[in-house]
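What follows is the content of start_32.csv (CSV, N, CA and C atoms).
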chain,number,residue,atom,x,y,z
B,34,MET,N,0.9,40.3,1.7
B,34,MET,CA,1.2,39.0,1.2
B,34,MET,C,2.7,38.7,1.5
B,35,ASN,N,2.9,37.6,2.2
B,35,ASN,CA,4.3,37.2,2.5
B,35,ASN,C,4.9,36.4,1.3
B,36,GLU,N,6.2,36.1,1.4
B,36,GLU,CA,6.9,35.5,0.3
B,36,GLU,C,6.3,34.1,-0.1
B,37,GLU,N,6.0,33.4,0.9
B,37,GLU,CA,5.4,32.0,0.7
B,37,GLU,C,4.0,32.1,0.0
B,38,SER,N,3.2,33.1,0.4
B,38,SER,CA,1.9,33.3,-0.3
B,38,SER,C,2.1,33.7,-1.7
B,39,VAL,N,3.1,34.5,-2.0
B,39,VAL,CA,3.4,34.9,-3.4
B,39,VAL,C,3.8,33.7,-4.2
B,40,LYS,N,4.6,32.8,-3.7
B,40,LYS,CA,5.1,31.6,-4.4
B,40,LYS,C,3.9,30.7,-4.7
B,41,ILE,N,3.0,30.5,-3.7
B,41,ILE,CA,1.8,29.7,-3.9
B,41,ILE,C,0.9,30.3,-5.0
B,42,PHE,N,0.7,31.6,-4.9
B,42,PHE,CA,-0.1,32.3,-5.9
B,42,PHE,C,0.4,32.1,-7.3
B,43,LEU,N,1.7,32.4,-7.4
B,43,LEU,CA,2.4,32.3,-8.7
B,43,LEU,C,2.3,30.8,-9.3
B,44,HIS,N,2.4,29.8,-8.4
B,44,HIS,CA,2.3,28.4,-8.7
B,44,HIS,C,0.9,28.1,-9.3
B,45,GLU,N,-0.1,28.7,-8.6
B,45,GLU,CA,-1.5,28.5,-9.0
B,45,GLU,C,-1.7,29.1,-10.4
B,46,ILE,N,-1.2,30.3,-10.6
B,46,ILE,CA,-1.3,30.9,-11.9
B,46,ILE,C,-0.6,30.1,-13.0
B,47,GLN,N,0.6,29.6,-12.7
B,47,GLN,CA,1.3,28.8,-13.7
B,47,GLN,C,0.5,27.5,-14.0
B,48,ASN,N,-0.1,26.9,-13.0
B,48,ASN,CA,-0.9,25.7,-13.2
B,48,ASN,C,-2.1,26.0,-14.1
B,49,LYS,N,-2.8,27.1,-13.8
B,49,LYS,CA,-3.9,27.5,-14.6
B,49,LYS,C,-3.5,27.8,-16.0
B,50,GLU,N,-2.4,28.4,-16.3
B,50,GLU,CA,-1.9,28.7,-17.6
B,50,GLU,C,-1.6,27.4,-18.3
B,51,ASN,N,-1.0,26.4,-17.6
B,51,ASN,CA,-0.7,25.1,-18.2
B,51,ASN,C,-2.0,24.4,-18.6
B,52,GLU,N,-3.0,24.5,-17.7
B,52,GLU,CA,-4.3,23.9,-18.0
B,52,GLU,C,-5.0,24.5,-19.2
B,53,ILE,N,-4.9,25.8,-19.3
B,53,ILE,CA,-5.5,26.5,-20.5
B,53,ILE,C,-4.8,26.1,-21.8
B,54,ARG,N,-3.4,26.0,-21.7
B,54,ARG,CA,-2.7,25.6,-22.9
B,54,ARG,C,-3.0,24.1,-23.3
B,55,VAL,N,-3.1,23.2,-22.3
B,55,VAL,CA,-3.4,21.8,-22.6
B,55,VAL,C,-4.8,21.7,-23.2
B,56,CYS,N,-5.7,22.5,-22.8
B,56,CYS,CA,-7.1,22.4,-23.3
B,56,CYS,C,-7.2,22.7,-24.8
B,57,MET,N,-6.1,23.2,-25.4
B,57,MET,CA,-6.1,23.5,-26.8
B,57,MET,C,-5.5,22.3,-27.6
B,58,TYR,N,-5.3,21.2,-26.9
B,58,TYR,CA,-4.7,20.0,-27.6
B,58,TYR,C,-5.7,18.9,-27.8
B,59,LEU,N,-5.6,18.2,-29.0
B,59,LEU,CA,-6.3,17.0,-29.3
B,59,LEU,C,-5.3,15.9,-29.6
B,60,VAL,N,-5.5,14.8,-29.0
B,60,VAL,CA,-4.6,13.6,-29.3
B,60,VAL,C,-5.4,12.7,-30.3
B,61,ARG,N,-4.7,12.3,-31.3
B,61,ARG,CA,-5.4,11.5,-32.4
B,61,ARG,C,-4.5,10.3,-32.6
B,62,LYS,N,-5.2,9.1,-32.7
B,62,LYS,CA,-4.5,7.9,-33.0
B,62,LYS,C,-5.1,7.4,-34.3
B,63,ILE,N,-4.2,7.1,-35.3
B,63,ILE,CA,-4.6,6.6,-36.6
B,63,ILE,C,-4.6,5.1,-36.5
B,64,LEU,N,-5.7,4.5,-36.8
B,64,LEU,CA,-5.8,3.0,-36.8
B,64,LEU,C,-5.2,2.4,-38.0
B,65,SER,N,-3.9,2.1,-37.9
B,65,SER,CA,-3.2,1.5,-39.0
B,65,SER,C,-2.0,0.8,-38.5
B,66,SER,N,-1.6,-0.3,-39.2
B,66,SER,CA,-0.4,-1.1,-38.8
B,66,SER,C,0.8,-0.4,-39.4
B,67,LYS,N,0.7,0.4,-40.4
B,67,LYS,CA,1.8,1.0,-41.0
B,67,LYS,C,2.0,2.4,-40.4
B,68,PRO,N,3.3,2.8,-40.2
B,68,PRO,CA,3.5,4.1,-39.6
B,68,PRO,C,3.1,5.3,-40.6
B,69,MET,N,2.6,6.3,-40.0
B,69,MET,CA,2.1,7.5,-40.8
B,69,MET,C,3.1,8.6,-40.7
B,70,ASN,N,3.2,9.4,-41.8
B,70,ASN,CA,4.1,10.5,-41.9
B,70,ASN,C,3.5,11.8,-41.3
B,71,CYS,N,4.1,12.3,-40.3
B,71,CYS,CA,3.6,13.5,-39.6
B,71,CYS,C,3.5,14.7,-40.6
B,72,ASP,N,4.4,14.9,-41.5
B,72,ASP,CA,4.3,16.1,-42.4
B,72,ASP,C,3.1,15.9,-43.4
B,73,ALA,N,2.9,14.6,-43.8
B,73,ALA,CA,1.8,14.4,-44.7
B,73,ALA,C,0.5,14.6,-44.0
B,74,ILE,N,0.4,14.2,-42.7
B,74,ILE,CA,-0.8,14.5,-42.0
B,74,ILE,C,-1.1,16.0,-41.9
B,75,HIS,N,0.0,16.8,-41.5
B,75,HIS,CA,-0.2,18.2,-41.4
B,75,HIS,C,-0.6,18.8,-42.7
B,76,ARG,N,0.0,18.5,-43.8
B,76,ARG,CA,-0.3,19.0,-45.1
B,76,ARG,C,-1.8,18.7,-45.5
B,77,THR,N,-2.2,17.4,-45.3
B,77,THR,CA,-3.5,17.0,-45.6
B,77,THR,C,-4.6,17.7,-44.9
B,78,PHE,N,-4.4,17.7,-43.5
B,78,PHE,CA,-5.5,18.4,-42.7
B,78,PHE,C,-5.4,19.9,-42.8
B,79,SER,N,-4.3,20.5,-43.2
B,79,SER,CA,-4.3,21.9,-43.4
B,79,SER,C,-5.2,22.3,-44.6
B,80,SER,N,-5.2,21.5,-45.6
B,80,SER,CA,-6.0,21.8,-46.8
B,80,SER,C,-7.5,21.4,-46.5
B,81,VAL,N,-7.7,20.4,-45.7
B,81,VAL,CA,-9.1,20.0,-45.4
B,81,VAL,C,-9.8,21.0,-44.4
B,82,TRP,N,-9.1,21.3,-43.3
B,82,TRP,CA,-9.6,22.1,-42.2
B,82,TRP,C,-9.7,23.6,-42.6
B,83,ARG,N,-8.6,24.1,-43.2
B,83,ARG,CA,-8.5,25.5,-43.5
B,83,ARG,C,-8.8,26.4,-42.3
B,84,LEU,N,-8.0,26.2,-41.3
B,84,LEU,CA,-8.1,26.9,-40.0
B,84,LEU,C,-7.5,28.3,-40.1
B,85,HIS,N,-8.2,29.2,-39.4
B,85,HIS,CA,-7.8,30.6,-39.4
B,85,HIS,C,-6.4,30.9,-38.9
B,86,ARG,N,-6.1,30.3,-37.7
B,86,ARG,CA,-4.8,30.6,-37.1
B,86,ARG,C,-3.8,29.4,-37.1
B,87,GLY,N,-4.2,28.3,-37.8
B,87,GLY,CA,-3.4,27.2,-38.0
B,87,GLY,C,-3.3,26.3,-36.8
B,88,TYR,N,-2.3,25.4,-36.8
B,88,TYR,CA,-2.1,24.4,-35.8
B,88,TYR,C,-0.8,23.8,-35.9
B,89,THR,N,-0.3,23.1,-34.9
B,89,THR,CA,0.9,22.3,-35.1
B,89,THR,C,0.5,20.8,-34.8
B,90,VAL,N,1.3,19.9,-35.3
B,90,VAL,CA,1.1,18.5,-35.0
B,90,VAL,C,2.5,17.9,-34.7
B,91,LYS,N,2.5,17.1,-33.6
B,91,LYS,CA,3.7,16.4,-33.2
B,91,LYS,C,3.5,14.9,-33.1
B,92,GLU,N,4.4,14.1,-33.6
B,92,GLU,CA,4.3,12.7,-33.5
B,92,GLU,C,4.7,12.2,-32.1
B,93,TRP,N,3.9,11.3,-31.6
B,93,TRP,CA,4.1,10.8,-30.2
B,93,TRP,C,4.4,9.3,-30.2
B,94,GLY,N,4.6,8.7,-31.4
B,94,GLY,CA,4.9,7.3,-31.5
B,94,GLY,C,3.6,6.4,-31.7
B,95,ASP,N,3.7,5.3,-32.3
B,95,ASP,CA,2.7,4.3,-32.5
B,95,ASP,C,1.4,4.9,-33.1
B,96,ASN,N,1.7,5.8,-34.1
B,96,ASN,CA,0.6,6.5,-34.8
B,96,ASN,C,-0.3,7.4,-34.0
B,97,ILE,N,0.3,7.9,-32.9
B,97,ILE,CA,-0.4,8.8,-32.0
B,97,ILE,C,0.2,10.2,-32.3
B,98,PHE,N,-0.7,11.2,-32.6
B,98,PHE,CA,-0.2,12.5,-32.9
B,98,PHE,C,-1.0,13.5,-32.0
B,99,VAL,N,-0.2,14.5,-31.6
B,99,VAL,CA,-0.8,15.6,-30.7
B,99,VAL,C,-0.9,16.8,-31.6
B,100,PHE,N,-2.1,17.3,-31.7
B,100,PHE,CA,-2.5,18.5,-32.4
B,100,PHE,C,-2.7,19.7,-31.4
B,101,GLN,N,-1.9,20.8,-31.6
B,101,GLN,CA,-2.1,22.0,-30.8
B,101,GLN,C,-2.8,23.0,-31.7
B,102,PHE,N,-3.9,23.6,-31.1
B,102,PHE,CA,-4.6,24.6,-31.8
B,102,PHE,C,-4.4,25.9,-31.2
B,103,PHE,N,-4.5,27.0,-31.9
B,103,PHE,CA,-4.2,28.3,-31.4
B,103,PHE,C,-5.4,29.2,-31.2
B,104,HIS,N,-6.6,28.6,-31.5
B,104,HIS,CA,-7.8,29.3,-31.2
B,104,HIS,C,-8.9,28.2,-30.9
B,105,GLU,N,-9.7,28.5,-29.9
B,105,GLU,CA,-10.7,27.5,-29.4
B,105,GLU,C,-11.7,27.1,-30.5
B,106,ARG,N,-12.1,28.1,-31.4
B,106,ARG,CA,-13.1,27.7,-32.4
B,106,ARG,C,-12.5,26.8,-33.4
B,107,ASN,N,-11.2,26.8,-33.6
B,107,ASN,CA,-10.6,25.8,-34.6
B,107,ASN,C,-10.6,24.4,-34.0
B,108,LYS,N,-10.4,24.3,-32.7
B,108,LYS,CA,-10.5,23.0,-32.1
B,108,LYS,C,-11.9,22.4,-32.1
B,109,ILE,N,-12.8,23.3,-31.8
B,109,ILE,CA,-14.3,22.9,-31.9
B,109,ILE,C,-14.7,22.5,-33.3
B,110,LYS,N,-14.2,23.2,-34.3
B,110,LYS,CA,-14.5,22.9,-35.7
B,110,LYS,C,-14.0,21.5,-36.0
B,111,VAL,N,-12.8,21.1,-35.6
B,111,VAL,CA,-12.2,19.8,-35.8
B,111,VAL,C,-13.0,18.7,-35.1
B,112,ILE,N,-13.4,19.0,-33.9
B,112,ILE,CA,-14.2,18.0,-33.1
B,112,ILE,C,-15.5,17.8,-33.7
B,113,LYS,N,-16.2,18.9,-34.1
B,113,LYS,CA,-17.5,18.7,-34.7
B,113,LYS,C,-17.5,18.1,-36.1
B,114,GLY,N,-16.4,18.1,-36.8
B,114,GLY,CA,-16.2,17.5,-38.1
B,114,GLY,C,-16.0,16.0,-38.0
B,115,ASN,N,-15.7,15.5,-36.8
B,115,ASN,CA,-15.5,14.1,-36.6
B,115,ASN,C,-16.6,13.3,-37.2
B,116,PRO,N,-16.4,12.1,-37.7
B,116,PRO,CA,-15.2,11.3,-37.7
B,116,PRO,C,-14.2,11.7,-38.9
B,117,TRP,N,-12.9,11.5,-38.7
B,117,TRP,CA,-11.9,11.8,-39.7
B,117,TRP,C,-11.2,10.6,-40.1
B,118,MET,N,-10.7,10.6,-41.3
B,118,MET,CA,-10.0,9.5,-41.9
B,118,MET,C,-8.7,10.1,-42.4
B,119,PHE,N,-7.6,9.2,-42.5
B,119,PHE,CA,-6.4,9.6,-43.1
B,119,PHE,C,-5.9,8.4,-43.9
B,120,ASP,N,-5.7,8.6,-45.2
B,120,ASP,CA,-5.2,7.5,-46.0
B,120,ASP,C,-6.1,6.3,-45.9
B,121,ASN,N,-7.4,6.5,-45.8
B,121,ASN,CA,-8.4,5.4,-45.6
B,121,ASN,C,-8.3,4.7,-44.3
B,122,HIS,N,-7.7,5.3,-43.3
B,122,HIS,CA,-7.6,4.7,-42.0
B,122,HIS,C,-8.4,5.6,-41.0
B,123,PRO,N,-9.3,5.0,-40.1
B,123,PRO,CA,-10.0,5.9,-39.2
B,123,PRO,C,-9.1,6.5,-38.1
B,124,ILE,N,-9.5,7.6,-37.6
B,124,ILE,CA,-8.7,8.4,-36.6
B,124,ILE,C,-9.6,8.4,-35.4
B,125,LEU,N,-9.0,8.0,-34.3
B,125,LEU,CA,-9.6,8.1,-32.9
B,125,LEU,C,-9.2,9.5,-32.4
B,126,LEU,N,-10.1,10.1,-31.7
B,126,LEU,CA,-9.9,11.5,-31.2
B,126,LEU,C,-10.0,11.5,-29.7
B,127,HIS,N,-9.2,12.3,-29.0
B,127,HIS,CA,-9.3,12.4,-27.5
B,127,HIS,C,-8.9,13.8,-27.2
B,128,GLU,N,-9.7,14.5,-26.3
B,128,GLU,CA,-9.4,15.8,-25.8
B,128,GLU,C,-8.5,15.6,-24.6
B,129,MET,N,-7.3,16.1,-24.7
B,129,MET,CA,-6.3,15.9,-23.7
B,129,MET,C,-6.6,16.8,-22.4
B,130,THR,N,-6.3,16.2,-21.3
B,130,THR,CA,-6.4,17.0,-20.0
B,130,THR,C,-4.9,17.1,-19.5
B,131,ILE,N,-4.8,18.0,-18.5
B,131,ILE,CA,-3.5,18.3,-18.0
B,131,ILE,C,-2.7,17.1,-17.3
B,132,ASN,N,-3.5,16.1,-16.9
B,132,ASN,CA,-2.9,15.0,-16.2
B,132,ASN,C,-2.6,13.8,-17.1
B,133,GLU,N,-2.8,14.0,-18.4
B,133,GLU,CA,-2.6,12.8,-19.3
B,133,GLU,C,-1.3,12.9,-20.1
B,134,VAL,N,-0.8,11.7,-20.4
B,134,VAL,CA,0.4,11.6,-21.3
B,134,VAL,C,-0.2,10.9,-22.5
B,135,PRO,N,0.1,11.5,-23.7
B,135,PRO,CA,-0.5,11.0,-24.9
B,135,PRO,C,-0.4,9.5,-25.2
B,136,ASN,N,0.8,8.9,-25.0
B,136,ASN,CA,0.9,7.5,-25.3
B,136,ASN,C,0.3,6.6,-24.2
B,137,GLU,N,-0.2,7.1,-23.1
B,137,GLU,CA,-0.9,6.3,-22.1
B,137,GLU,C,-2.4,6.4,-22.2
B,138,ILE,N,-2.9,7.2,-23.2
B,138,ILE,CA,-4.4,7.3,-23.3
B,138,ILE,C,-4.9,6.0,-23.9
B,139,GLN,N,-6.1,5.6,-23.4
B,139,GLN,CA,-6.8,4.4,-23.9
B,139,GLN,C,-7.8,4.9,-24.9
B,140,PHE,N,-7.5,4.6,-26.1
B,140,PHE,CA,-8.5,5.0,-27.2
B,140,PHE,C,-9.5,3.9,-27.3
B,141,SER,N,-10.7,4.1,-27.0
B,141,SER,CA,-11.7,3.0,-26.9
B,141,SER,C,-13.0,3.2,-27.7
B,142,SER,N,-13.1,4.4,-28.4
B,142,SER,CA,-14.3,4.6,-29.2
B,142,SER,C,-14.0,5.4,-30.4
B,143,ILE,N,-14.9,5.4,-31.3
B,143,ILE,CA,-14.8,6.2,-32.5
B,143,ILE,C,-16.1,6.6,-33.0
B,144,HIS,N,-16.2,7.8,-33.4
B,144,HIS,CA,-17.5,8.3,-34.0
B,144,HIS,C,-17.6,7.8,-35.4
B,145,VAL,N,-18.8,7.4,-35.8
B,145,VAL,CA,-19.1,7.0,-37.1
B,145,VAL,C,-20.4,7.6,-37.6
B,146,TRP,N,-20.5,7.8,-38.9
B,146,TRP,CA,-21.7,8.2,-39.5
B,146,TRP,C,-22.4,7.0,-40.2
B,147,ILE,N,-23.7,6.9,-40.0
B,147,ILE,CA,-24.4,5.8,-40.7
B,147,ILE,C,-25.6,6.4,-41.5
B,148,ARG,N,-25.9,5.8,-42.6
B,148,ARG,CA,-27.0,6.2,-43.4
B,148,ARG,C,-27.9,5.0,-43.5
B,149,LEU,N,-29.2,5.2,-43.2
B,149,LEU,CA,-30.2,4.1,-43.3
B,149,LEU,C,-31.1,4.4,-44.5
B,150,TYR,N,-31.4,3.4,-45.3
B,150,TYR,CA,-32.4,3.6,-46.4
B,150,TYR,C,-33.6,2.8,-46.0
B,151,ASN,N,-34.7,3.3,-46.6
B,151,ASN,CA,-36.0,2.6,-46.4
B,151,ASN,C,-36.5,2.4,-45.0
B,152,LEU,N,-36.1,3.3,-44.1
B,152,LEU,CA,-36.6,3.2,-42.8
B,152,LEU,C,-38.1,3.7,-42.7
B,153,PRO,N,-39.0,3.0,-42.1
B,153,PRO,CA,-40.4,3.4,-42.0
B,153,PRO,C,-40.5,4.8,-41.4
B,154,TRP,N,-41.4,5.6,-41.9
B,154,TRP,CA,-41.6,7.0,-41.5
B,154,TRP,C,-41.7,7.1,-40.0
B,155,ARG,N,-42.5,6.2,-39.4
B,155,ARG,CA,-42.7,6.3,-37.9
B,155,ARG,C,-41.5,6.0,-37.1
B,156,ARG,N,-40.4,5.4,-37.8
B,156,ARG,CA,-39.2,5.1,-37.1
B,156,ARG,C,-38.1,6.2,-37.3
B,157,MET,N,-38.4,7.2,-38.0
B,157,MET,CA,-37.5,8.3,-38.2
B,157,MET,C,-37.6,9.3,-37.0
B,158,ASN,N,-36.9,8.9,-35.9
B,158,ASN,CA,-37.0,9.8,-34.7
B,158,ASN,C,-35.8,9.5,-33.9
B,159,VAL,N,-35.6,10.3,-32.9
B,159,VAL,CA,-34.4,10.3,-32.0
B,159,VAL,C,-34.3,9.0,-31.3
B,160,GLU,N,-35.4,8.4,-30.8
B,160,GLU,CA,-35.4,7.2,-30.1
B,160,GLU,C,-34.8,6.0,-30.9
B,161,THR,N,-35.3,6.0,-32.2
B,161,THR,CA,-34.7,4.9,-33.1
B,161,THR,C,-33.3,5.1,-33.3
B,162,ALA,N,-32.9,6.4,-33.5
B,162,ALA,CA,-31.4,6.7,-33.7
B,162,ALA,C,-30.6,6.2,-32.6
B,163,ARG,N,-31.1,6.5,-31.3
B,163,ARG,CA,-30.3,6.1,-30.1
B,163,ARG,C,-30.2,4.6,-30.1
B,164,VAL,N,-31.3,3.9,-30.4
B,164,VAL,CA,-31.2,2.4,-30.3
B,164,VAL,C,-30.3,1.8,-31.4
B,165,LEU,N,-30.3,2.4,-32.6
B,165,LEU,CA,-29.5,1.9,-33.6
B,165,LEU,C,-28.0,2.3,-33.4
B,166,GLY,N,-27.8,3.4,-32.7
B,166,GLY,CA,-26.4,3.9,-32.5
B,166,GLY,C,-25.8,3.3,-31.3
B,167,ALA,N,-26.5,2.6,-30.4
B,167,ALA,CA,-26.0,2.0,-29.2
B,167,ALA,C,-25.1,0.9,-29.4
Could you quickly redo this structure as structure tokens?
Amino acid sequence: MNEESVKIFLHEIQNKENEIRVCMYLVRKILSSKPMNCDAIHRTFSSVWRLHRGYTVKEWGDNIFVFQFFHERNKIKVIKGNPWMFDNHPILLHEMTINEVPNEIQFSSIHVWIRLYNLPWRRMNVETARVLGA
């Protein structure tokens, strides 16, 4: 391997490491006109999530917060627990990729839970759920 090949190889390794690091991030936007306190968010979700290896949270402006997880299963737990609220405000969630900047992400959807009462038995199926959820 010549020197140029080594540089290219090392650059590819660094890019892969950065990509792996970024895949452990979630970007969250809190839908509120009032600014949210980063420390309060961290304290609240620490007690709610009870993650094994913890996480960090950084404010990115305009109620956008970047959460870094230190274990993949913690990130998955948070995603699966969606939707989340903070101080009665819904939180939009986005899995960050290596080419994204948090304050340029277009938050366009939110997960919601719905409960239906008195639905006819024959309508309690996946097809009805898809139609109602669309």
*All residues 8 Å or closer to segment 112-120 of chain B, all atoms listed in the file, same chain fewer than 2 positions away omitted, as a ChimeraX atom specification*: /B:63-64,74,106-110,122-126,143-146
Could you please take those selected residues and save N, CA and C atoms as a PDB file, in the coordinates of the input?
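The result, stored in out_9.pdb:
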ATOM      1  N   ILE B  63      -4.200   7.100 -35.300  1.00  0.00           N
ATOM      2  CA  ILE B  63      -4.600   6.600 -36.600  1.00  0.00           C
ATOM      3  C   ILE B  63      -4.600   5.100 -36.500  1.00  0.00           C
ATOM      4  N   LEU B  64      -5.700   4.500 -36.800  1.00  0.00           N
ATOM      5  CA  LEU B  64      -5.800   3.000 -36.800  1.00  0.00           C
ATOM      6  C   LEU B  64      -5.200   2.400 -38.000  1.00  0.00           C
ATOM      7  N   ILE B  74       0.400  14.200 -42.700  1.00  0.00           N
ATOM      8  CA  ILE B  74      -0.800  14.500 -42.000  1.00  0.00           C
ATOM      9  C   ILE B  74      -1.100  16.000 -41.900  1.00  0.00           C
ATOM     10  N   ARG B 106     -12.100  28.100 -31.400  1.00  0.00           N
ATOM     11  CA  ARG B 106     -13.100  27.700 -32.400  1.00  0.00           C
ATOM     12  C   ARG B 106     -12.500  26.800 -33.400  1.00  0.00           C
ATOM     13  N   ASN B 107     -11.200  26.800 -33.600  1.00  0.00           N
ATOM     14  CA  ASN B 107     -10.600  25.800 -34.600  1.00  0.00           C
ATOM     15  C   ASN B 107     -10.600  24.400 -34.000  1.00  0.00           C
ATOM     16  N   LYS B 108     -10.400  24.300 -32.700  1.00  0.00           N
ATOM     17  CA  LYS B 108     -10.500  23.000 -32.100  1.00  0.00           C
ATOM     18  C   LYS B 108     -11.900  22.400 -32.100  1.00  0.00           C
ATOM     19  N   ILE B 109     -12.800  23.300 -31.800  1.00  0.00           N
ATOM     20  CA  ILE B 109     -14.300  22.900 -31.900  1.00  0.00           C
ATOM     21  C   ILE B 109     -14.700  22.500 -33.300  1.00  0.00           C
ATOM     22  N   LYS B 110     -14.200  23.200 -34.300  1.00  0.00           N
ATOM     23  CA  LYS B 110     -14.500  22.900 -35.700  1.00  0.00           C
ATOM     24  C   LYS B 110     -14.000  21.500 -36.000  1.00  0.00           C
ATOM     25  N   HIS B 122      -7.700   5.300 -43.300  1.00  0.00           N
ATOM     26  CA  HIS B 122      -7.600   4.700 -42.000  1.00  0.00           C
ATOM     27  C   HIS B 122      -8.400   5.600 -41.000  1.00  0.00           C
ATOM     28  N   PRO B 123      -9.300   5.000 -40.100  1.00  0.00           N
ATOM     29  CA  PRO B 123     -10.000   5.900 -39.200  1.00  0.00           C
ATOM     30  C   PRO B 123      -9.100   6.500 -38.100  1.00  0.00           C
ATOM     31  N   ILE B 124      -9.500   7.600 -37.600  1.00  0.00           N
ATOM     32  CA  ILE B 124      -8.700   8.400 -36.600  1.00  0.00           C
ATOM     33  C   ILE B 124      -9.600   8.400 -35.400  1.00  0.00           C
ATOM     34  N   LEU B 125      -9.000   8.000 -34.300  1.00  0.00           N
ATOM     35  CA  LEU B 125      -9.600   8.100 -32.900  1.00  0.00           C
ATOM     36  C   LEU B 125      -9.200   9.500 -32.400  1.00  0.00           C
ATOM     37  N   LEU B 126     -10.100  10.100 -31.700  1.00  0.00           N
ATOM     38  CA  LEU B 126      -9.900  11.500 -31.200  1.00  0.00           C
ATOM     39  C   LEU B 126     -10.000  11.500 -29.700  1.00  0.00           C
ATOM     40  N   ILE B 143     -14.900   5.400 -31.300  1.00  0.00           N
ATOM     41  CA  ILE B 143     -14.800   6.200 -32.500  1.00  0.00           C
ATOM     42  C   ILE B 143     -16.100   6.600 -33.000  1.00  0.00           C
ATOM     43  N   HIS B 144     -16.200   7.800 -33.400  1.00  0.00           N
ATOM     44  CA  HIS B 144     -17.500   8.300 -34.000  1.00  0.00           C
ATOM     45  C   HIS B 144     -17.600   7.800 -35.400  1.00  0.00           C
ATOM     46  N   VAL B 145     -18.800   7.400 -35.800  1.00  0.00           N
ATOM     47  CA  VAL B 145     -19.100   7.000 -37.100  1.00  0.00           C
ATOM     48  C   VAL B 145     -20.400   7.600 -37.600  1.00  0.00           C
ATOM     49  N   TRP B 146     -20.500   7.800 -38.900  1.00  0.00           N
ATOM     50  CA  TRP B 146     -21.700   8.200 -39.500  1.00  0.00           C
ATOM     51  C   TRP B 146     -22.400   7.000 -40.200  1.00  0.00           C
TER      52      TRP B 146
END
Box time for segment 71-87 of chain B: axis-aligned, enclosing all its listed atoms, 5 Å extra on each side; report centre and edge lengths in Å to one decimal, as JSON.
{"center_x": -2.7, "center_y": 21.6, "center_z": -41.8, "size_x": 24.2, "size_y": 28.6, "size_z": 20.0}
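Our summary of the geometry notes that atom CA of Asn70 of chain B is positioned 15.1 Å from atom N of Thr89 of chain B.
Between Trp93 of chain B and the candidates B:Asn136, B:Thr77, B:Asp72, B:Glu160, the tightest atom-to-atom separation, counting only N, CA and C atoms, involves B:Asn136.
Take atom CA of His104 of chain B and atom CA of Ile138 of chain B: the distance between them is 23.6 Å.
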_Residue set, chain B restricted to helix (DSSP H, G or I), as an MDAnalysis selection string_ = chainID B and resid 36:55 71:82 105:113 135:137 154:156 159:166
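What separates atom N of Val81 of chain B from atom C of Lys67 of chain B is a distance of 21.1 Å.
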